[in-house]
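K.L.:
What follows is my_file-v9.cif, mmCIF, C-alpha atoms.
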data_coords
#
loop_
_atom_site.label_atom_id
_atom_site.label_comp_id
_atom_site.auth_asym_id
_atom_site.auth_seq_id
_atom_site.Cartn_x
_atom_site.Cartn_y
_atom_site.Cartn_z
CA MET A 1 16.96 -8.31 13.78
CA LEU A 2 17.48 -4.57 13.47
CA LYS A 3 17.26 -2.68 16.75
CA VAL A 4 15.91 0.80 16.19
CA PRO A 5 16.01 3.58 18.81
CA ASP A 6 12.98 3.99 21.04
CA PHE A 7 12.43 7.49 19.62
CA PHE A 8 11.06 5.84 16.46
CA GLU A 9 7.83 5.39 18.41
CA LYS A 10 8.17 7.89 21.25
CA SER A 11 8.60 10.88 18.94
CA PHE A 12 5.08 10.21 17.62
CA SER A 13 3.57 10.69 21.06
CA GLN A 14 2.59 14.24 21.92
CA HIS A 15 4.92 16.18 24.23
CA TYR A 16 7.92 13.88 23.78
CA HIS A 17 11.20 15.70 24.31
CA CYS A 18 14.83 14.72 24.44
CA GLU A 19 18.32 16.11 24.24
CA GLY A 20 19.63 16.35 20.71
CA PRO A 21 23.07 17.13 19.30
CA GLU A 22 25.02 19.90 21.04
CA ASN A 23 22.80 19.48 24.12
CA ALA A 24 19.88 21.24 22.44
CA ARG A 25 16.37 20.48 23.68
CA TYR A 26 14.12 18.87 21.06
CA ASP A 27 10.39 19.16 21.77
CA PHE A 28 8.40 16.95 19.43
CA TYR A 29 4.79 17.22 18.34
CA VAL A 30 2.81 15.29 15.74
CA VAL A 31 0.95 16.44 12.64
CA ASN A 32 -1.46 14.14 10.83
CA MET A 33 -1.24 15.06 7.15
CA GLY A 34 -4.35 13.07 6.23
CA LEU A 35 -4.94 9.81 4.42
CA LEU A 36 -2.61 8.59 1.70
CA PRO A 37 -4.21 6.39 -0.97
CA VAL A 38 -2.23 3.18 -1.51
CA ALA A 39 -3.96 1.58 -4.48
CA VAL A 40 -1.11 -0.78 -5.36
CA ASP A 41 1.15 -2.58 -2.89
CA ARG A 42 4.43 -0.99 -4.03
CA ILE A 43 5.60 2.22 -2.36
CA ILE A 44 8.27 4.75 -3.28
CA ALA A 45 10.06 7.15 -0.92
CA CYS A 46 12.06 9.86 -2.68
CA ASP A 47 12.60 13.57 -3.13
CA PRO A 48 9.52 14.35 -5.23
CA LEU A 49 10.87 17.64 -6.57
CA ILE A 50 13.64 15.83 -8.44
CA TYR A 51 11.78 12.57 -9.09
CA THR A 52 12.79 11.04 -12.43
CA GLY A 53 10.58 7.97 -12.57
CA GLN A 54 13.69 5.79 -12.52
CA GLU A 55 13.80 5.31 -8.76
CA GLN A 56 12.77 1.79 -7.89
CA THR A 57 10.01 0.95 -5.50
CA PHE A 58 10.70 -0.76 -2.21
CA ALA A 59 11.10 -4.51 -2.55
CA SER A 60 8.52 -5.16 0.17
CA THR A 61 4.83 -5.29 -0.61
CA PHE A 62 2.59 -3.14 1.58
CA PRO A 63 -1.08 -3.16 2.60
CA THR A 64 -3.44 -1.32 0.28
CA GLY A 65 -6.14 1.13 1.26
CA GLU A 66 -6.00 4.63 2.74
CA PHE A 67 -3.62 5.21 5.63
CA PRO A 68 -2.65 8.16 7.84
CA VAL A 69 0.65 9.89 7.20
CA GLU A 70 2.10 11.45 10.33
CA LEU A 71 5.00 13.84 10.82
CA SER A 72 7.04 14.04 14.00
CA ILE A 73 8.23 17.63 14.18
CA ALA A 74 10.90 18.92 16.55
CA ARG A 75 10.84 22.41 17.96
CA ILE A 76 14.44 23.48 18.52
CA ALA A 77 14.62 26.99 19.96
CA ASP A 78 12.92 29.17 17.31
CA ASP A 79 13.24 26.53 14.57
CA GLU A 80 11.13 23.55 13.56
CA ARG A 81 12.35 20.47 11.72
CA ILE A 82 10.62 17.29 10.54
CA GLY A 83 12.48 14.49 12.24
CA PHE A 84 10.41 11.51 11.12
CA ALA A 85 7.63 10.79 8.66
CA ARG A 86 5.59 7.63 8.74
CA ILE A 87 2.71 5.78 7.17
CA LEU A 88 0.62 4.23 9.93
CA PHE A 89 -0.71 1.02 8.41
CA SER A 90 -2.21 -0.05 11.73
CA THR A 91 -2.16 0.92 15.38
CA ALA A 92 -0.57 -2.41 16.34
CA ALA A 93 2.80 -2.02 18.06
CA PRO A 94 5.87 -2.96 16.01
CA VAL A 95 7.86 -5.84 17.46
CA ARG A 96 10.58 -5.96 14.81
CA TRP A 97 12.04 -3.64 12.20
CA GLU A 98 13.84 -3.92 8.87
CA MET A 99 15.54 -1.26 6.81
CA ALA A 100 13.53 -0.74 3.62
CA GLY A 101 15.47 -1.58 0.47
CA ILE A 102 14.79 -1.75 -3.22
CA GLU A 103 15.28 -4.84 -5.36
CA GLY A 104 18.92 -5.89 -5.22
CA ASP A 105 19.69 -4.26 -1.87
CA ASP A 106 21.07 -6.72 0.66
CA VAL A 107 20.19 -4.76 3.78
CA ALA A 108 21.07 -7.70 6.03
CA ALA A 109 24.69 -7.49 4.86
CA LEU A 110 25.14 -3.80 5.64
CA GLU A 111 27.73 -2.70 8.16
CA PRO A 112 26.14 -1.26 11.34
CA ASP A 113 26.90 2.35 10.33
CA ARG A 114 25.66 1.98 6.73
CA ILE A 115 22.22 2.70 5.33
CA VAL A 116 20.37 2.48 2.03
CA GLY A 117 17.88 5.18 1.21
CA TYR A 118 17.36 8.13 -1.09
CA SER A 119 19.03 11.47 -1.71
CA ALA A 120 17.01 14.58 -0.93
CA ASP A 121 18.64 17.17 -3.14
CA ALA A 122 15.75 19.64 -2.99
CA GLY A 123 15.29 19.32 0.76
CA THR A 124 12.08 17.32 0.41
CA GLY A 125 10.89 13.74 0.95
CA CYS A 126 7.68 11.91 0.17
CA PHE A 127 5.68 8.70 0.21
CA MET A 128 3.60 7.59 -2.76
CA ASP A 129 2.58 4.32 -4.33
CA ALA A 130 3.71 3.29 -7.80
CA LYS A 131 0.40 4.32 -9.38
CA SER A 132 0.53 7.78 -7.84
CA ALA A 133 4.16 8.17 -8.91
CA GLU A 134 3.11 7.79 -12.54
CA ALA A 135 0.28 10.29 -12.03
CA PHE A 136 2.64 12.74 -10.34
CA LEU A 137 5.05 12.71 -13.27
CA ALA A 138 2.19 13.09 -15.75
CA PHE A 139 0.96 16.07 -13.72
CA GLY A 140 4.33 17.70 -14.14
CA GLY A 141 6.07 16.83 -10.90
CA GLY A 142 9.72 15.96 -10.51
CA ILE A 143 11.85 16.40 -13.63
CA ASN A 144 8.76 16.57 -15.88
CA GLU A 145 8.24 20.07 -14.57
CA ILE A 146 5.21 21.93 -15.89
CA GLU A 147 5.53 25.41 -14.47
CA GLU A 148 1.84 26.03 -13.75
CA ASN A 149 1.38 22.67 -12.01
CA MET A 150 4.63 22.86 -10.08
CA THR A 151 3.52 26.27 -8.85
CA GLN A 152 0.45 24.56 -7.37
CA ILE A 153 2.77 22.24 -5.47
CA THR A 154 5.14 24.93 -4.21
CA ASP A 155 2.21 27.19 -3.26
CA GLY A 156 0.65 24.28 -1.39
CA MET A 157 3.87 23.66 0.52
CA GLU A 158 4.08 27.36 1.33
CA LYS A 159 0.67 27.29 3.02
CA THR A 160 2.02 25.03 5.78
CA TYR A 161 5.43 26.71 6.04
CA GLN A 162 6.80 27.47 9.45
CA ASN A 163 10.42 28.29 10.10
CA THR A 164 11.78 26.05 8.59
CA ARG A 165 9.55 23.20 7.48
CA SER A 166 6.48 22.61 5.32
CA TRP A 167 4.35 19.78 3.99
CA LEU A 168 1.65 19.02 1.41
CA MET A 169 -0.70 16.15 0.69
CA TRP A 170 -0.88 16.31 -3.11
CA GLU A 171 -4.01 14.66 -4.50
CA LYS A 172 -5.34 14.18 -8.01
CA ASP A 173 -7.88 11.73 -9.44
CA GLY A 174 -7.61 9.30 -6.53
CA CYS A 175 -3.82 9.42 -6.44
CA GLY A 176 -1.72 11.09 -3.80
CA SER A 177 1.75 11.94 -2.61
CA ALA A 178 2.60 12.97 0.95
CA MET A 179 5.42 15.52 0.62
CA PHE A 180 7.38 17.11 3.46
CA SER A 181 10.59 18.94 4.29
CA SER A 182 13.50 16.63 5.03
CA GLY A 183 15.05 17.32 8.41
CA TRP A 184 17.94 19.76 8.07
CA GLY A 185 17.51 19.74 4.29
CA ASP A 186 19.55 17.92 1.66
CA GLY A 187 20.91 14.55 2.70
CA TYR A 188 20.67 10.80 2.33
CA TYR A 189 17.84 9.22 4.30
CA ALA A 190 16.77 5.68 5.10
CA SER A 191 13.30 4.28 5.70
CA TYR A 192 12.34 1.43 8.00
CA ILE A 193 9.51 -1.10 8.03
CA GLY A 194 7.87 -2.10 11.31
CA TYR A 195 6.13 -5.48 11.73
CA ASP A 196 3.56 -6.37 14.38
CA SER A 197 3.34 -9.56 16.41
CA ASN A 198 1.47 -11.25 13.53
CA ASP A 199 4.34 -10.37 11.17
CA LYS A 200 2.20 -7.86 9.30
CA ILE A 201 3.52 -4.45 8.26
CA CYS A 202 2.27 -1.73 10.61
CA ARG A 203 4.73 1.13 9.95
CA LEU A 204 6.88 2.70 7.26
CA VAL A 205 9.13 5.36 8.82
CA THR A 206 11.66 7.68 7.20
CA ASP A 207 14.33 8.93 9.60
CA PHE A 208 15.64 12.39 8.69
CA SER A 209 18.64 12.07 11.00
CA LEU A 210 17.81 14.77 13.53
CA LEU A 211 18.67 12.44 16.40
CA ASP A 212 21.76 10.29 16.68
CA TRP A 213 21.28 6.56 17.09
CA PRO A 214 22.88 4.99 20.18
CA GLU A 215 26.20 3.36 19.56
CA THR A 216 26.05 -0.31 18.63
CA GLY A 217 25.72 -2.43 21.73
CA GLU A 218 24.12 0.23 23.89
#
Please rewrite the model in this file as structure tokens.
P.N.:
Amino acid sequence: MLKVPDFFEKSFSQHYHCEGPENARYDFYVVNMGLLPVAVDRIIACDPLIYTGQEQTFASTFPTGEFPVELSIARIADDERIGFARILFSTAAPVRWEMAGIEGDDVAALEPDRIVGYSADAGTGCFMDAKSAEAFLAFGGGINEIEENMTQITDGMEKTYQNTRSWLMWEKDGCGSAMFSSGWGDGYYASYIGYDSNDKICRLVTDFSLLDWPETGE
């Protein structure tokens, strides 16, 4: 069973703070982006601004409905960074975690310092279900860029900008994509699935690598 750091949950409680890299103080606060529609049980996490439609969905099947998307944001001196993003499928506490993989990923066989995830090459991450992913591409998101529609997205992100993060809940015709800045920017980021005591999925969390995990065995 994967042991995740306690900041996976603690960073989503208001007023959590800790010492980050280089002894900097990280003061976290939480933003609720709103409800994400999950009409089908397959979810994609990716950089939406470079989305090609070829990225595979997670192998796991998720609850359907409308669920809150929350951001755990760290204030670091005069900067702000999104450290974690999550879909809160229920308020039940997670008792075990798995790294989220796509079909063909053998996450159980990974070395302790290895992850599977997605590349954020435009400094952005997102959650959306497979139906919304198709709608997003048709709208002109990702590589199917339609200038007028992409301007709506970038303008929407700009409305929430604060040095140096932003976010947007894109919605159209019952579809949606929760989009947000990815930590320090470009990188390779993993997502994790939390299960409650009834073995039901209660969390999907993307870790944007602001905080170092404890060494194995600690």
K.L.:
Mind listing as JSON, numbers by chain all residues within 6 Å of (-1.9, 9.3, -7.2), counting only C-alpha atoms?
P.N.:
{"A": [131, 132, 135, 174, 175, 176]}
K.L.:
Run the PyMOL selection byres ((chain A and resi 30) around 6) against the file shown and list the residues it catches, as a VMD selection string.
P.N.:
chain A and resid 12 29 31 71 to 72
K.L.:
Neighbours of A:Met179 within 8 Å (all atoms listed in the file; same-chain residues fewer than 5 positions away dropped), as a count of residues only?
P.N.:
9
K.L.:
Counting only C-alpha atoms, which residues sit no farther than 12 Å from the position (-6.0, -5.4, -2.6) in the file's frame? I'd like them as a PDB file with C-alpha atoms, keeping the file's coordinate frame.
P.N.:
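See point.pdb below for the written result:
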ATOM      1  CA  VAL A  38      -2.230   3.180  -1.510  1.00  0.00           C
ATOM      2  CA  ALA A  39      -3.960   1.580  -4.480  1.00  0.00           C
ATOM      3  CA  VAL A  40      -1.110  -0.780  -5.360  1.00  0.00           C
ATOM      4  CA  ASP A  41       1.150  -2.580  -2.890  1.00  0.00           C
ATOM      5  CA  ARG A  42       4.430  -0.990  -4.030  1.00  0.00           C
ATOM      6  CA  THR A  61       4.830  -5.290  -0.610  1.00  0.00           C
ATOM      7  CA  PHE A  62       2.590  -3.140   1.580  1.00  0.00           C
ATOM      8  CA  PRO A  63      -1.080  -3.160   2.600  1.00  0.00           C
ATOM      9  CA  THR A  64      -3.440  -1.320   0.280  1.00  0.00           C
ATOM     10  CA  GLY A  65      -6.140   1.130   1.260  1.00  0.00           C
ATOM     11  CA  GLU A  66      -6.000   4.630   2.740  1.00  0.00           C
TER      12      GLU A  66
END
K.L.:
With distances taken over only C-alpha atoms, which residue among A:Ser209, A:Asn198, A:Thr57, A:Ser119 lies nearest A:Ser90?
P.N.:
A:Asn198
K.L.:
Interatomic distance between atom CA of A:Gly117 and atom CA of A:Tyr195?
P.N.:
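According to the coordinates, atom CA of A:Gly117 and atom CA of A:Tyr195 are separated by 19.0 Å.
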K.L.:
For the atom pair atom CA of A:Phe7 and atom CA of A:Asp129, what is the interatomic distance in Å to one decimal place?
P.N.:
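Atom-to-atom, atom CA of A:Phe7 and atom CA of A:Asp129 are spaced 26.1 Å apart.
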K.L.:
Atom CA of A:Asp212 and atom CA of A:Tyr161 are how many Å apart?
P.N.:
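The value is 25.5 Å.
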K.L.:
Can you tell me, as a list of chain:residue names, what residues are no more than 6 Å from stretch 190-194 of chain A when counting all atoms listed in the file, ignoring any on the same chain fewer than 2 positions away?
P.N.:
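Residues near the query, excluding close chain neighbours: A:Pro94, A:Arg96, A:Trp97, A:Glu98, A:Met99, A:Ala100, A:Val116, A:Gly117, A:Ile201, A:Cys202, A:Arg203, A:Leu204, A:Val205, A:Thr206.
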K.L.:
Could you name the residues that touch A:Phe208 at 8 Å or less, counting only C-alpha atoms, but leaving out those on the same chain fewer than 2 positions away, as a list in words?
P.N.:
Ile82, Gly83, Phe84, Ser182, Gly183, Trp184, Tyr189, Ala190, Thr206 and Leu210 of chain A
K.L.:
Considering all atoms listed in the file, state which residue in the set A:Asn149, A:Asn23, A:Gln54, A:Ser11 is at the smallest distance from A:Phe136.
P.N.:
A:Asn149
K.L.:
Edge lengths and centre in Å to one decimal, as AutoDock Vina command-line options, is what I'm after for the box along x, y and z that holds all listed atoms of stretch 20-29 of chain A once 4 Å is added on each side.
P.N.:
--center_x 14.9 --center_y 18.8 --center_z 21.2 --size_x 28.2 --size_y 12.9 --size_z 13.8
K.L.:
Find the residues around A:Asp79 up to 7 Å (all atoms listed in the file counted), leave out those fewer than 3 positions away in its own chain, and share them as a ChimeraX atom specification.
P.N.:
/A:75-76,163-164
K.L.:
Those same residues - C-alpha atoms - I'd like them written as a PDB file, in the coordinates of the input.
P.N.:
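The new file again16.pdb reads:
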ATOM      1  CA  ARG A  75      10.840  22.410  17.960  1.00  0.00           C
ATOM      2  CA  ILE A  76      14.440  23.480  18.520  1.00  0.00           C
ATOM      3  CA  ASN A 163      10.420  28.290  10.100  1.00  0.00           C
ATOM      4  CA  THR A 164      11.780  26.050   8.590  1.00  0.00           C
TER       5      THR A 164
END
K.L.:
From the set A:Ala92, A:Val107, A:Ala85, A:Ala24, which residue has the shortest atom-to-atom contact distance to A:Ser197, counting only C-alpha atoms?
P.N.:
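Of all the options, A:Ala92 lies closest to A:Ser197.
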K.L.:
Please expand the PyMOL selection byres ((chain A and resi 113) around 10) into the concrete residues it hits in this file, giving the result as a short mmCIF file (atom, residue, chain, number, x, y, z; two decimals) with C-alpha atoms, in the coordinates of the input.
P.N.:
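Output (selection_10.cif):
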data_model
loop_
_atom_site.label_atom_id
_atom_site.label_comp_id
_atom_site.auth_asym_id
_atom_site.auth_seq_id
_atom_site.Cartn_x
_atom_site.Cartn_y
_atom_site.Cartn_z
CA LEU A 110 25.14 -3.80 5.64
CA GLU A 111 27.73 -2.70 8.16
CA PRO A 112 26.14 -1.26 11.34
CA ARG A 114 25.66 1.98 6.73
CA ILE A 115 22.22 2.70 5.33
CA TRP A 213 21.28 6.56 17.09
CA GLU A 215 26.20 3.36 19.56
CA THR A 216 26.05 -0.31 18.63
#
K.L.:
Which is closest to A:Asp121 among A:Tyr51, A:Phe139, A:Phe89, A:Phe28, if we use only C-alpha atoms?
P.N.:
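So, comparing all the options, the nearest one is A:Tyr51.
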